[in-house]
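Asker: Okay, here's the structure, questions in a sec.
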Amino acid sequence: MEWLKKLSKAIDYIEDNLTGNISYEEAARIACCSTYYFQRMFSYVAGIPLSEYIRRRRMTVAAFDLQTSDAKVMDVGLKYGYESPTSFNRAFQNVHGVPPTAARKSGTSLQAYPRISFSIKVTGGESMRYRIETKDAIRIVGVRVPLQENQEENFQIVPKFWDKILEGNLYSEVCKLANQDPQGILGVTAYKSPKEIYYYIAVATDKPVPEGMMEFNIPAATWVIFAVMGIFKNPFKQFSNDFLQNGFLFLDMNMLSYQM
């Protein structure tokens, strides 16, 4: 698929610049999407944040350099973007479990993280329930928290936001407003611009907006709806313009066509 080709080209850019500056903006441009979408898409598909992938790859090739050359540890650290021996030592130990100096000792066990690659594998034996629906515009009302373009920060923000709302009375107050389809509590990521990204815990309703809450209008769209089995522990790890409701994940097909 075309989106996998674009994502692979972005990985090529990252791999070619492990010893230099890696621009998230340039990687996103190559993948033909915004920086925000690129980081989300990468984390969703690869299973790890983009920054963690880059760190693992740099420490992998740094270990090879230490084992196959006489370069000073400080010089190897500088080569891979670490300006101080302390920061390089910390990053190296986080990946390999040993300091850089130990990499040259015979018998030292190190970790190797190969370059990531993307492909589509079609397998049988399992099925996934889904349906496609065209829905009218949806008005939601609830509470929200601002997000960042940096996905690592958002992976911390959203779970803490849920914990905060569930601890108090806000969750029940939001639920009382529900009187429209789709029924139930919704988790919605709304992206307007790099400076206007919000995550909503809300319901579909036509009731007035209570003090302290916000409304958001989701345009009419065609959705592909997948059943989510069991407890969905991290509602943030999905594409933008999505929402969760009563065990179903709704993905805007217009957004998916743009992403893919």
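For the structure tokens, the naming scheme is as follows: chains receive sequential letters (A, B, ...) according to their order of presentation, residues are indexed from 1 within each chain, and ligands are indexed from 1 in presentation order.
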Just the residues within 7 Å of Val174 in chain A, please, counting only C-alpha atoms, with nothing from its chain fewer than 5 positions along; format it as a PyMOL selection string.
Answerer: chain A and resi 142+202-203
Asker: Determine, counting only C-alpha atoms, which protein, DNA and RNA residues have an atom within 10 Å of an atom of Ala91 in chain A; residues of the same chain fewer than 3 positions away are not included. Present the result as a ChimeraX atom specification.
Answerer: /A:55-56,58-59,77,82,85-88,94-97,99-100
Asker: Save out the residues we just selected, N, CA and C atoms, as a short mmCIF file (atom, residue, chain, number, x, y, z; two decimals), in the first residue's frame.
Answerer:
```cif
data_model
loop_
_atom_site.label_atom_id
_atom_site.label_comp_id
_atom_site.auth_asym_id
_atom_site.auth_seq_id
_atom_site.Cartn_x
_atom_site.Cartn_y
_atom_site.Cartn_z
N ARG A 55 16.50 6.17 19.55
CA ARG A 55 17.49 5.93 20.60
C ARG A 55 18.03 4.50 20.52
N ARG A 56 17.16 3.52 20.33
CA ARG A 56 17.59 2.12 20.24
C ARG A 56 18.49 1.88 19.03
N ARG A 58 20.34 4.14 17.45
CA ARG A 58 21.63 4.80 17.64
C ARG A 58 22.52 4.01 18.59
N MET A 59 21.95 3.47 19.66
CA MET A 59 22.76 2.70 20.60
C MET A 59 23.19 1.36 20.01
N GLY A 77 30.12 8.80 21.33
CA GLY A 77 28.93 9.48 21.86
C GLY A 77 28.60 10.73 21.07
N TYR A 82 25.30 12.80 21.31
CA TYR A 82 25.35 13.00 22.76
C TYR A 82 26.52 13.90 23.10
N PRO A 85 29.64 12.82 28.01
CA PRO A 85 29.82 11.39 28.30
C PRO A 85 28.74 10.83 29.21
N THR A 86 28.25 11.67 30.12
CA THR A 86 27.22 11.22 31.07
C THR A 86 25.93 10.84 30.35
N SER A 87 25.49 11.70 29.43
CA SER A 87 24.24 11.43 28.72
C SER A 87 24.38 10.21 27.82
N PHE A 88 25.54 10.06 27.18
CA PHE A 88 25.76 8.89 26.33
C PHE A 88 25.82 7.61 27.16
N ASN A 94 20.80 2.22 29.35
CA ASN A 94 19.36 1.98 29.28
C ASN A 94 19.01 0.95 28.21
N VAL A 95 19.79 0.93 27.13
CA VAL A 95 19.53 0.00 26.04
C VAL A 95 20.24 -1.34 26.25
N HIS A 96 21.52 -1.28 26.64
CA HIS A 96 22.33 -2.49 26.68
C HIS A 96 22.50 -3.07 28.09
N GLY A 97 22.24 -2.28 29.11
CA GLY A 97 22.39 -2.78 30.47
C GLY A 97 23.81 -2.74 30.99
N PRO A 99 27.73 -0.22 30.69
CA PRO A 99 28.30 1.04 30.21
C PRO A 99 29.02 0.83 28.89
N PRO A 100 29.27 1.91 28.14
CA PRO A 100 29.94 1.81 26.85
C PRO A 100 31.31 1.14 26.93
#
```
Asker: DSSP on the backbone: which residues in range 32-234 of chain A end up as alpha helix (DSSP H)? Give the answer as number ranges by chain.
Answerer: A: 35-46, 50-68, 73-79, 85-96, 151-167, 170-175
Asker: When DSSP is applied to the backbone of this structure, which of range 135-192 of chain A are assigned strand (DSSP E)? Write them out as a CSV table (one decimal) with C-alpha atoms, in the first residue's frame.
Answerer:
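Output file out-v5.csv follows:
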```
chain,number,residue,atom,x,y,z
A,135,LYS,CA,-23.2,9.0,10.3
A,138,ILE,CA,-22.3,14.4,16.1
A,139,ARG,CA,-22.2,17.1,18.9
A,140,ILE,CA,-20.4,16.0,22.0
A,141,VAL,CA,-20.2,17.8,25.4
A,142,GLY,CA,-17.7,17.0,28.2
A,143,VAL,CA,-14.3,17.8,29.6
A,144,ARG,CA,-11.1,18.0,27.7
A,145,VAL,CA,-7.4,18.3,28.1
A,146,PRO,CA,-4.9,19.9,25.7
A,186,LEU,CA,-16.7,8.7,24.3
A,187,GLY,CA,-13.0,9.3,24.1
A,188,VAL,CA,-12.3,11.7,21.3
A,189,THR,CA,-9.1,13.2,19.9
A,190,ALA,CA,-9.7,16.5,18.1
A,191,TYR,CA,-6.9,17.9,15.9
A,192,LYS,CA,-7.5,21.4,14.6
```
Asker: Can you pull out the residues contacting Lys6 in chain A? Cut-off 10 Å, using only C-alpha atoms, and skip same-chain residues under 5 positions away; I want them as a list in words.
Answerer: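 That gives Met1, Ile11, Asp12, Ala27, Ala28, Arg29, Ile30, Ala31, Cys32, Cys33 and Met260 of chain A.
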Asker: Name the closest residue to Ala112 in chain A among the candidates A:Lys195, A:Lys207, A:Arg57, A:Lys9; distances are taken between atoms, counting only C-alpha atoms.
Answerer: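 Using only C-alpha atoms, the shortest distance to Ala112 in chain A belongs to A:Arg57.
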Asker: Taking 5 positions as the minimum chain separation for residues in the same chain, which residues sit within 12 Å of Glu153 in chain A when counting only C-alpha atoms? Answer as a list of chain:residue names.
Answerer: A:Tyr36, A:Gln39, A:Arg40, A:Pro49, A:Ser51, A:Pro146, A:Leu147, A:Gln148, A:Val158, A:Pro159, A:Lys160, A:Phe236
Asker: Which residue gives the smallest distance to Leu50 in chain A among A:Asp136, A:Glu211, A:Ile22, A:Trp223, with only C-alpha atoms counted?
Answerer: A:Ile22
Asker: Figure out the distance between CA of Ile185 in chain A and CA of Glu173 in chain A, please, to one decimal in Å.
Answerer: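 CA of Ile185 in chain A lies 11.1 Å from CA of Glu173 in chain A.
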Asker: Suppose you want the space between CA of Thr108 in chain A and CA of Lys79 in chain A; what is it in Å?
Answerer: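 About the pair CA of Thr108 in chain A and CA of Lys79 in chain A: they are 22.3 Å apart.
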Asker: For CA of Leu7 in chain A and CA of Phe42 in chain A, determine how far apart the two atoms are, in Å to one decimal place.
Answerer: 8.2 Å
Asker: Between A:Pro208, A:Pro219, A:Met213, A:Asn154, single out the one closest to Tyr171 in chain A, counting only C-alpha atoms.
Answerer: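 When distances to Tyr171 in chain A are compared using only C-alpha atoms, the smallest one comes from A:Met213.
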Asker: Which is closer to Thr60 in chain A than all the others in A:Gly20, A:Gly184, A:Pro114, A:Gly81, using only C-alpha atoms?
Answerer: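 Using only C-alpha atoms, the shortest distance to Thr60 in chain A belongs to A:Pro114.
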Asker: When distances are computed from only C-alpha atoms, which of A:Ile201, A:Ala10, A:Ile54, A:Leu110 shows the smallest separation from Leu166 in chain A?
Answerer: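 Checking each candidate against Leu166 in chain A, we get A:Ile201 as the closest.
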Asker: With distances taken over only C-alpha atoms, which residue among A:Asn150, A:Asn179, A:Thr205, A:Ser69 lies nearest Ser34 in chain A?
Answerer: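 Of the candidates, the smallest distance to Ser34 in chain A is held by A:Asn150.
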